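A.B. asks: Below you will find the structure I want to go over with you.
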Amino acid sequence: MQALVQTLLAEWHSGLARLIESVPREGRFPTLPQKIKVAIGMRRVGKTYVMLQQIQYLLQQQIPLSRILYINFEDDRLLPCTQEKLAQLLDAFYKIYPENHDQRCYFFLDEIQNVAEWSLVVRRFYDSKNVDIYLTGSSAKLLSKDIATALRGRSIATEIWPYSFNEYLRARTIFLEGNLLSQKIQDVLMQQLKLYLFQGGFPETTHMDDQYRRQVLQDYVELVILRDIIERYAVKNIVLLRSLIKTVIKNIASLFSISKFVNDSKSQGLLGSRNIVYEYLDYFEDAYLIFPVPLFSESLRRVQSNHKKMYVIDPGLAQAYLFSLNENYGHLFENIVFLDLKRQGCKIYYYLTKERYEVDFLIEDKSGQRKLYQVCWDPSDKETLVREMRALNLAKEELHLEGELITPKNYIEQAWLKRNFSQE
């Protein structure tokens with residue numbers, strides 16, 4: 001085991017400089033030395049880079065590499081990884097550097113969910129050693145189940161998402177000087193927003209040719225289906241599972257009827273109950289692939305009797321399954337607004353007025369404040385604008401809440417202001 005750890009360390013040290021040369025991420029680990037830090041998110045969103053960003057910070061603080069351990073548990077040489085093997089790996093690190101028994105060390109354990117009963121070992125080292133521990137995982141269960149129960153208040157979790165629009169601009173080295181009122185700047189930002197809707201924010205695909213990007217993004221979905229759903233939950237009805245995910249992805253930012261899907265599936269010879277579909281949707285959400293948004297209502301019965309709206313982790317994934325972009329700009333734009341609200345840690349609902357006019361988002365932020373948002377891709381269409389504002393104004397009156405219409409124009413304005421503020 002000691003020889004394996006030495007090999008892993010040597011490989012990691014030799015490739016570290018190359019790995020940390022990337023776009024600085026907005027998602028960061030909090031500075032809380034007494035907590036185990038956990039980064040959660042779908043595969044390929046950049047959780048590993050957030051770790052490497054933290055390692056780079058440690059190196060800038062003159063922490064020697066000999067006190068830093070990084071292990072990627074996707075490495076085939078470590079699989080299958082048991083609780084015993086994890087303990088042996090960590091013990092081997094101290095055997096290689098025995099002086100570390102008396103020094104502050106830093107453990108970075110990537111894709112830890114691949115280790116059976118990992119939490120018992122992590123908790124023991126946290127309690128018995130002078131160590132700062134960072135974890136990543138590709139399942140929401142790592143946040144809601146394992147972290148909450150196994151680590152018992154010792155941890156704090158950070159969700160990592162694909163590039164935001166601002167990160168996307170940095171990744172594409174779009175640096176503009178001048179005033180936002182400049183038509184040139186507005187035109188360039190609008191062009192980039194449309195590209196962002198089409199390409200999405202997965203770091204690996206940002207500079208990829210369209211013909212390859214589509215296939216790679218579909219492969220991402222396939223990897224999640226195979227590794228995070230079929231293998232983990234021993235799914236038997238794989239054909240129905242694949243049909244469900246494709247149906248949801250192709251209909252993002254839309255109400256989804258489980259009953260209709262089940263009936264349509266039966267007409268195509270795919271058998272499955274409503275309960276199975278509910279179960280599969282939970283798996284998708286667990287893997288950070290699909291996010292169902294419920295109706296906001298004080299009546300639980302009304303919430304349960306109305307369909308949920310479905311959003312996807314990245315607009316690029318949706319576009320990888322669509323054949324036409326123009327007719328879906330509105331839904332893709334609504335999806336990125338949803339993701340921005342998720343990045344802010346908001347609780348998100350949609351709202352129906354008494355006359356059943358729909359408002360896209362009713363959110364509750366971390367401080368408990370609520371606000372309404374209506375998303376409109378083309379406010380120049382007077383009929384569309386009247387319809388969207390009618391729903392928003394009625395909801396404001398019914399709920400006594402503030403509301404805001406989000407258009408591409410004010411979206412890129414906010415992105416520009418946030419970008420300039422972050423650079424100061």
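Every chain in the structure tokens takes a letter, A first, then B, and so on in the order presented; its residues are numbered from 1, and the ligands are numbered from 1 following the presented order.
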Neighbouring residues of Tyr94 (chain A) were defined as those with any atom within 12 Å, considering only C-alpha atoms; residues of the same chain fewer than 2 positions away were excluded. Please report them as a ChimeraX atom specification.
C.D. replies: /A:1-2,5-6,66-69,87-92,96-107,125,129-131
A.B. asks: Export, as a tab-separated table (two decimals), in the first residue's frame, the selected residues with N, CA and C atoms.
C.D. replies:
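What ended up in selection_39.tsv:
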```tsv
chain	number	residue	atom	x	y	z
A	1	MET	N	0.83	-1.21	0.00
A	1	MET	CA	0.00	0.00	0.00
A	1	MET	C	0.86	1.26	0.00
A	2	GLN	N	1.99	1.20	0.74
A	2	GLN	CA	2.88	2.36	0.80
A	2	GLN	C	3.45	2.68	-0.58
A	5	VAL	N	0.79	4.44	-2.67
A	5	VAL	CA	0.62	5.83	-2.28
A	5	VAL	C	1.78	6.68	-2.81
A	6	GLN	N	2.98	6.15	-2.76
A	6	GLN	CA	4.13	6.89	-3.29
A	6	GLN	C	3.98	7.12	-4.79
A	66	SER	N	4.64	17.93	0.98
A	66	SER	CA	4.76	16.73	1.81
A	66	SER	C	3.67	16.66	2.88
A	67	ARG	N	2.97	17.75	3.11
A	67	ARG	CA	1.89	17.75	4.10
A	67	ARG	C	0.51	17.72	3.45
A	68	ILE	N	0.49	17.53	2.14
A	68	ILE	CA	-0.77	17.52	1.39
A	68	ILE	C	-0.95	16.16	0.71
A	69	LEU	N	-2.08	15.54	0.95
A	69	LEU	CA	-2.40	14.26	0.31
A	69	LEU	C	-3.64	14.43	-0.56
A	87	ALA	N	-8.35	3.31	5.04
A	87	ALA	CA	-7.55	3.50	6.26
A	87	ALA	C	-6.08	3.21	5.98
A	88	GLN	N	-5.80	2.18	5.19
A	88	GLN	CA	-4.42	1.83	4.87
A	88	GLN	C	-3.75	2.92	4.02
A	89	LEU	N	-4.50	3.50	3.10
A	89	LEU	CA	-3.97	4.58	2.27
A	89	LEU	C	-3.56	5.78	3.12
A	90	LEU	N	-4.42	6.16	4.04
A	90	LEU	CA	-4.12	7.32	4.89
A	90	LEU	C	-2.98	7.02	5.85
A	91	ASP	N	-2.95	5.81	6.38
A	91	ASP	CA	-1.85	5.42	7.27
A	91	ASP	C	-0.52	5.41	6.51
A	92	ALA	N	-0.56	4.98	5.24
A	92	ALA	CA	0.66	4.92	4.44
A	92	ALA	C	1.25	6.30	4.23
A	96	ILE	N	5.14	7.35	5.01
A	96	ILE	CA	6.06	7.99	4.06
A	96	ILE	C	6.64	9.27	4.65
A	97	TYR	N	5.80	10.02	5.37
A	97	TYR	CA	6.23	11.27	6.00
A	97	TYR	C	5.94	11.20	7.51
A	98	PRO	N	6.74	10.46	8.27
A	98	PRO	CA	6.46	10.28	9.71
A	98	PRO	C	6.45	11.58	10.50
A	99	GLU	N	7.16	12.60	10.02
A	99	GLU	CA	7.16	13.89	10.71
A	99	GLU	C	5.77	14.54	10.71
A	100	ASN	N	4.88	14.07	9.83
A	100	ASN	CA	3.55	14.66	9.73
A	100	ASN	C	2.65	14.31	10.92
A	101	HIS	N	3.07	13.33	11.72
A	101	HIS	CA	2.30	13.02	12.92
A	101	HIS	C	2.23	14.24	13.84
A	102	ASP	N	3.21	15.12	13.74
A	102	ASP	CA	3.28	16.27	14.63
A	102	ASP	C	2.99	17.59	13.91
A	103	GLN	N	2.44	17.52	12.68
A	103	GLN	CA	2.19	18.73	11.92
A	103	GLN	C	0.75	18.73	11.37
A	104	ARG	N	0.31	19.92	11.02
A	104	ARG	CA	-1.00	20.06	10.39
A	104	ARG	C	-0.92	19.54	8.96
A	105	CYS	N	-1.78	18.57	8.62
A	105	CYS	CA	-1.80	18.01	7.28
A	105	CYS	C	-3.13	18.30	6.60
A	106	TYR	N	-3.17	18.06	5.29
A	106	TYR	CA	-4.33	18.41	4.48
A	106	TYR	C	-4.69	17.24	3.57
A	107	PHE	N	-5.86	16.65	3.78
A	107	PHE	CA	-6.32	15.52	2.99
A	107	PHE	C	-7.36	16.00	1.98
A	125	PHE	N	-9.94	9.81	11.54
A	125	PHE	CA	-8.75	10.64	11.29
A	125	PHE	C	-9.00	12.09	11.70
A	129	LYS	N	-6.27	13.02	14.42
A	129	LYS	CA	-5.09	13.64	13.81
A	129	LYS	C	-5.27	15.14	13.66
A	130	ASN	N	-4.17	15.84	13.52
A	130	ASN	CA	-4.20	17.27	13.24
A	130	ASN	C	-4.30	17.43	11.73
A	131	VAL	N	-5.53	17.37	11.21
A	131	VAL	CA	-5.71	17.30	9.76
A	131	VAL	C	-6.92	18.12	9.33
```
A.B. asks: Which neighbours of region 291-301 of chain A fall inside 6 Å, counting only C-alpha atoms, when residues of the same chain fewer than 5 positions from it are skipped, and could you give them as a PyMOL selection string?
C.D. replies: chain A and resi 285+308-311+349-351
A.B. asks: Quick one: everything within 10 Å of Lys246 (chain A), counting only C-alpha atoms, minus sequence neighbours fewer than 6 positions away in the same chain. Send it as a list in words.
C.D. replies: Val221, Ala318, Tyr321 and Leu322 of chain A
A.B. asks: Between A:Val121, A:Ala17, A:Leu32, A:Val239, which one has atoms that come closest to Gln56 (chain A), using only C-alpha atoms?
C.D. replies: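 Using only C-alpha atoms, the shortest distance to Gln56 (chain A) belongs to A:Ala17.
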A.B. asks: Interatomic distance between CA of Asp360 (chain A) and CA of Tyr373 (chain A)?
C.D. replies: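 We find that CA of Asp360 (chain A) and CA of Tyr373 (chain A) lie 6.3 Å from each other.
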A.B. asks: With a distance cut-off of 7 Å and only C-alpha atoms, select the neighbouring residues of Ile348 (chain A), excluding the residue or stretch itself and same-chain residues fewer than 2 positions from it, and output the selection as number ranges by chain.
C.D. replies: A: 293, 346, 361-364
A.B. asks: Using only C-alpha atoms, which of the listed residues (A:Glu167, A:Asp132, A:Asp219, A:Glu74) sits closest to Glu111 (chain A)?
C.D. replies: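 That would be A:Glu74, the residue with the smallest distance to Glu111 (chain A).
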A.B. asks: For region 44-50 of chain A, please output as a PyMOL selection string all residues within 10 Å (counting only C-alpha atoms; exclusion window: fewer than 2 positions along the same chain).
C.D. replies: chain A and resi 19-29+38-42+52-56+72+108-111+135-138+158-163+201-205+217+220+313-314
A.B. asks: Put those residues in a file: N, CA and C atoms, as a short mmCIF file (atom, residue, chain, number, x, y, z; two decimals), in the first residue's frame.
C.D. replies:
```cif
data_model
loop_
_atom_site.label_atom_id
_atom_site.label_comp_id
_atom_site.auth_asym_id
_atom_site.auth_seq_id
_atom_site.Cartn_x
_atom_site.Cartn_y
_atom_site.Cartn_z
N LEU A 19 -2.58 20.98 -13.90
CA LEU A 19 -3.96 20.86 -13.44
C LEU A 19 -4.52 22.16 -12.90
N ILE A 20 -3.68 23.00 -12.28
CA ILE A 20 -4.22 24.20 -11.66
C ILE A 20 -4.27 25.39 -12.61
N GLU A 21 -3.85 25.19 -13.86
CA GLU A 21 -3.93 26.27 -14.84
C GLU A 21 -5.31 26.25 -15.50
N SER A 22 -6.27 26.86 -14.85
CA SER A 22 -7.63 26.87 -15.37
C SER A 22 -8.35 28.11 -14.88
N VAL A 23 -9.65 28.18 -15.15
CA VAL A 23 -10.45 29.36 -14.79
C VAL A 23 -10.76 29.33 -13.30
N PRO A 24 -10.45 30.40 -12.56
CA PRO A 24 -10.83 30.45 -11.14
C PRO A 24 -12.34 30.29 -11.00
N ARG A 25 -12.74 29.41 -10.09
CA ARG A 25 -14.15 29.12 -9.91
C ARG A 25 -14.78 30.00 -8.84
N GLU A 26 -16.07 30.29 -9.05
CA GLU A 26 -16.80 31.06 -8.04
C GLU A 26 -17.08 30.21 -6.80
N GLY A 27 -17.31 28.91 -6.99
CA GLY A 27 -17.52 28.01 -5.86
C GLY A 27 -16.21 27.76 -5.14
N ARG A 28 -16.18 27.98 -3.84
CA ARG A 28 -14.96 27.80 -3.06
C ARG A 28 -15.30 27.15 -1.72
N PHE A 29 -14.29 26.48 -1.16
CA PHE A 29 -14.46 25.95 0.18
C PHE A 29 -14.42 27.09 1.19
N VAL A 38 -16.87 19.75 2.23
CA VAL A 38 -17.37 18.80 1.23
C VAL A 38 -17.89 19.56 0.01
N ALA A 39 -17.39 19.18 -1.17
CA ALA A 39 -17.88 19.75 -2.44
C ALA A 39 -18.77 18.71 -3.11
N ILE A 40 -20.01 19.12 -3.41
CA ILE A 40 -21.00 18.22 -3.98
C ILE A 40 -21.39 18.71 -5.37
N GLY A 41 -21.65 17.79 -6.29
CA GLY A 41 -22.12 18.20 -7.60
C GLY A 41 -22.06 17.05 -8.58
N MET A 42 -22.64 17.27 -9.77
CA MET A 42 -22.62 16.25 -10.81
C MET A 42 -21.19 16.02 -11.29
N LEU A 52 -8.19 21.61 -6.32
CA LEU A 52 -6.86 22.05 -6.74
C LEU A 52 -6.67 23.54 -6.50
N GLN A 53 -7.73 24.30 -6.62
CA GLN A 53 -7.69 25.73 -6.32
C GLN A 53 -7.34 25.95 -4.85
N GLN A 54 -7.90 25.10 -3.98
CA GLN A 54 -7.58 25.18 -2.56
C GLN A 54 -6.15 24.76 -2.29
N ILE A 55 -5.69 23.75 -2.99
CA ILE A 55 -4.29 23.30 -2.85
C ILE A 55 -3.34 24.40 -3.30
N GLN A 56 -3.67 25.06 -4.39
CA GLN A 56 -2.85 26.18 -4.87
C GLN A 56 -2.76 27.26 -3.81
N ASN A 72 -7.66 10.46 -5.79
CA ASN A 72 -8.86 10.41 -6.63
C ASN A 72 -9.38 8.97 -6.61
N PHE A 108 -7.15 15.66 0.71
CA PHE A 108 -8.11 15.96 -0.35
C PHE A 108 -8.54 14.62 -0.96
N LEU A 109 -9.76 14.21 -0.65
CA LEU A 109 -10.25 12.90 -1.06
C LEU A 109 -11.37 13.10 -2.08
N ASP A 110 -11.04 12.80 -3.33
CA ASP A 110 -11.89 13.12 -4.48
C ASP A 110 -12.80 11.94 -4.82
N GLU A 111 -14.10 12.22 -5.04
CA GLU A 111 -15.12 11.21 -5.35
C GLU A 111 -15.16 10.13 -4.25
N LEU A 135 -13.44 16.90 0.91
CA LEU A 135 -14.03 15.78 0.20
C LEU A 135 -14.82 16.28 -1.01
N THR A 136 -14.91 15.45 -2.05
CA THR A 136 -15.87 15.72 -3.12
C THR A 136 -16.68 14.46 -3.35
N GLY A 137 -17.88 14.66 -3.87
CA GLY A 137 -18.74 13.52 -4.19
C GLY A 137 -19.72 13.89 -5.27
N SER A 138 -20.18 12.90 -6.01
CA SER A 138 -21.08 13.15 -7.14
C SER A 138 -22.52 12.80 -6.84
N THR A 158 -20.49 22.44 0.20
CA THR A 158 -20.55 23.47 -0.84
C THR A 158 -20.94 22.81 -2.15
N GLU A 159 -22.01 23.30 -2.79
CA GLU A 159 -22.42 22.75 -4.07
C GLU A 159 -21.62 23.40 -5.20
N ILE A 160 -21.16 22.57 -6.12
CA ILE A 160 -20.39 23.05 -7.28
C ILE A 160 -21.24 22.82 -8.53
N TRP A 161 -21.32 23.86 -9.34
CA TRP A 161 -22.16 23.83 -10.54
C TRP A 161 -21.30 24.04 -11.78
N PRO A 162 -21.84 23.76 -12.97
CA PRO A 162 -21.13 24.16 -14.20
C PRO A 162 -20.88 25.66 -14.20
N TYR A 163 -20.08 26.13 -15.14
CA TYR A 163 -19.77 27.55 -15.22
C TYR A 163 -21.05 28.40 -15.22
N GLY A 201 -22.17 25.13 -19.63
CA GLY A 201 -21.06 25.56 -18.79
C GLY A 201 -20.16 24.47 -18.27
N PHE A 202 -20.17 23.28 -18.87
CA PHE A 202 -19.23 22.26 -18.42
C PHE A 202 -17.82 22.67 -18.86
N PRO A 203 -16.87 22.73 -17.92
CA PRO A 203 -15.54 23.26 -18.25
C PRO A 203 -14.87 22.58 -19.44
N GLU A 204 -14.98 21.27 -19.53
CA GLU A 204 -14.27 20.53 -20.58
C GLU A 204 -14.75 20.88 -21.98
N THR A 205 -16.02 21.25 -22.12
CA THR A 205 -16.59 21.44 -23.44
C THR A 205 -16.63 22.90 -23.90
N LEU A 217 -21.34 15.68 -24.22
CA LEU A 217 -22.38 15.99 -23.25
C LEU A 217 -23.36 14.82 -23.11
N TYR A 220 -21.75 12.40 -20.89
CA TYR A 220 -21.87 12.78 -19.47
C TYR A 220 -23.15 12.19 -18.87
N ILE A 313 -29.28 20.35 -15.10
CA ILE A 313 -28.07 20.89 -14.50
C ILE A 313 -27.34 21.89 -15.40
N ASP A 314 -27.58 21.82 -16.71
CA ASP A 314 -26.85 22.70 -17.62
C ASP A 314 -27.61 22.81 -18.94
#
```
A.B. asks: Mind listing the alpha helix (DSSP H) residues of region 198-380 of chain A, per DSSP on the backbone, as a ChimeraX atom specification?
C.D. replies: /A:198-199,210-223,231-233,238-250,258-267,274-286,300-305,315-319,329-343
A.B. asks: Mind dumping a table of every region 220-246 of chain A residue within 12 Å of region 267-271 of chain A, with the nearest atom pair and its distance in Å to one decimal, using only C-alpha atoms, sorted by chain and rising number, as CSV?
C.D. replies:
```
residue,atom,partner,partner_atom,distance
A:Lys236,CA,A:Leu271,CA,11.7
A:Asn237,CA,A:Leu271,CA,8.5
A:Ile238,CA,A:Leu270,CA,10.2
A:Val239,CA,A:Leu270,CA,7.5
A:Leu240,CA,A:Leu270,CA,6.2
A:Leu241,CA,A:Leu270,CA,10.0
A:Arg242,CA,A:Leu270,CA,11.0
A:Ser243,CA,A:Leu270,CA,9.0
A:Leu244,CA,A:Leu270,CA,10.7
```
A.B. asks: Do a neighbour search on Thr407 (chain A) at 6 Å with only C-alpha atoms, toss out local chain neighbours closer than 3 positions, and write the hits as a PDB file with N, CA and C atoms, in the first residue's frame.
C.D. replies:
```
ATOM      1  N   CYS A 376     -38.477  36.370 -19.363  1.00  0.00           N
ATOM      2  CA  CYS A 376     -39.020  36.648 -20.703  1.00  0.00           C
ATOM      3  C   CYS A 376     -37.866  36.814 -21.687  1.00  0.00           C
ATOM      4  N   TRP A 377     -37.751  35.898 -22.634  1.00  0.00           N
ATOM      5  CA  TRP A 377     -36.649  35.950 -23.585  1.00  0.00           C
ATOM      6  C   TRP A 377     -36.826  37.073 -24.610  1.00  0.00           C
ATOM      7  N   ASN A 410     -31.486  42.894 -19.139  1.00  0.00           N
ATOM      8  CA  ASN A 410     -31.083  43.160 -17.758  1.00  0.00           C
ATOM      9  C   ASN A 410     -30.243  42.023 -17.179  1.00  0.00           C
ATOM     10  N   TYR A 411     -30.337  40.829 -17.788  1.00  0.00           N
ATOM     11  CA  TYR A 411     -29.481  39.728 -17.337  1.00  0.00           C
ATOM     12  C   TYR A 411     -28.017  40.012 -17.650  1.00  0.00           C
TER      13      TYR A 411
END
```
A.B. asks: Please return as a ChimeraX atom specification: the residues of region 150-253 of chain A that backbone DSSP assigns to strand (DSSP E).
C.D. replies: /A:155-159
A.B. asks: Go ahead and write the residues just picked, N, CA and C atoms, as a compact mmCIF listing (two decimals), in the first residue's frame.
C.D. replies:
```
# COMPACT_ATOMS: atom_id res chain seq x y z
N SER A 155 -19.10 18.69 9.51
CA SER A 155 -18.82 19.07 8.13
C SER A 155 -19.66 20.26 7.68
N ILE A 156 -19.22 20.85 6.56
CA ILE A 156 -19.99 21.88 5.88
C ILE A 156 -19.87 21.62 4.38
N ALA A 157 -20.99 21.69 3.67
CA ALA A 157 -21.03 21.31 2.26
C ALA A 157 -21.13 22.53 1.35
N THR A 158 -20.49 22.44 0.20
CA THR A 158 -20.55 23.47 -0.84
C THR A 158 -20.94 22.81 -2.15
N GLU A 159 -22.01 23.30 -2.79
CA GLU A 159 -22.42 22.75 -4.07
C GLU A 159 -21.62 23.40 -5.20
```
A.B. asks: Just how far from CA of Leu289 (chain A) is CA of Phe261 (chain A), in Å to one decimal?
C.D. replies: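 Straight-line distance from CA of Phe261 (chain A) to CA of Leu289 (chain A) works out to 18.7 Å.
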A.B. asks: Near Val235 (chain A), within 12 Å and counting only C-alpha atoms, which residues show up once chain neighbours fewer than 2 positions away are dropped, as a PDB file with C-alpha atoms, in the first residue's frame?
C.D. replies:
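That gives us part-v9.pdb:
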```
ATOM      1  CA  ILE A 225     -27.055   6.960 -15.695  1.00  0.00           C
ATOM      2  CA  LEU A 226     -24.652   4.038 -15.537  1.00  0.00           C
ATOM      3  CA  ARG A 227     -22.482   4.887 -12.524  1.00  0.00           C
ATOM      4  CA  ASP A 228     -24.701   7.009 -10.291  1.00  0.00           C
ATOM      5  CA  ILE A 229     -28.074   5.420 -10.977  1.00  0.00           C
ATOM      6  CA  ILE A 230     -28.106   1.958 -12.580  1.00  0.00           C
ATOM      7  CA  GLU A 231     -25.116   0.572 -10.655  1.00  0.00           C
ATOM      8  CA  ARG A 232     -25.886   2.301  -7.360  1.00  0.00           C
ATOM      9  CA  TYR A 233     -29.597   1.471  -7.227  1.00  0.00           C
ATOM     10  CA  ASN A 237     -36.089  -1.228 -16.099  1.00  0.00           C
ATOM     11  CA  ILE A 238     -33.223   0.475 -17.929  1.00  0.00           C
ATOM     12  CA  VAL A 239     -35.168   1.185 -21.136  1.00  0.00           C
ATOM     13  CA  LEU A 240     -37.831   3.087 -19.198  1.00  0.00           C
ATOM     14  CA  LEU A 241     -35.133   4.946 -17.249  1.00  0.00           C
ATOM     15  CA  ARG A 242     -33.429   6.129 -20.450  1.00  0.00           C
ATOM     16  CA  ILE A 276     -41.276   3.685 -10.366  1.00  0.00           C
ATOM     17  CA  VAL A 277     -41.185   6.984 -12.282  1.00  0.00           C
ATOM     18  CA  GLU A 279     -38.359   6.768  -7.833  1.00  0.00           C
ATOM     19  CA  TYR A 280     -36.336   7.353 -11.002  1.00  0.00           C
ATOM     20  CA  TYR A 283     -32.420   9.227  -8.579  1.00  0.00           C
TER      21      TYR A 283
END
```
A.B. asks: Have a look at CA of Lys382 (chain A) and CA of Ser257 (chain A) and let me know their distance in Å, one decimal.
C.D. replies: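 CA of Ser257 (chain A) lies 29.9 Å from CA of Lys382 (chain A).
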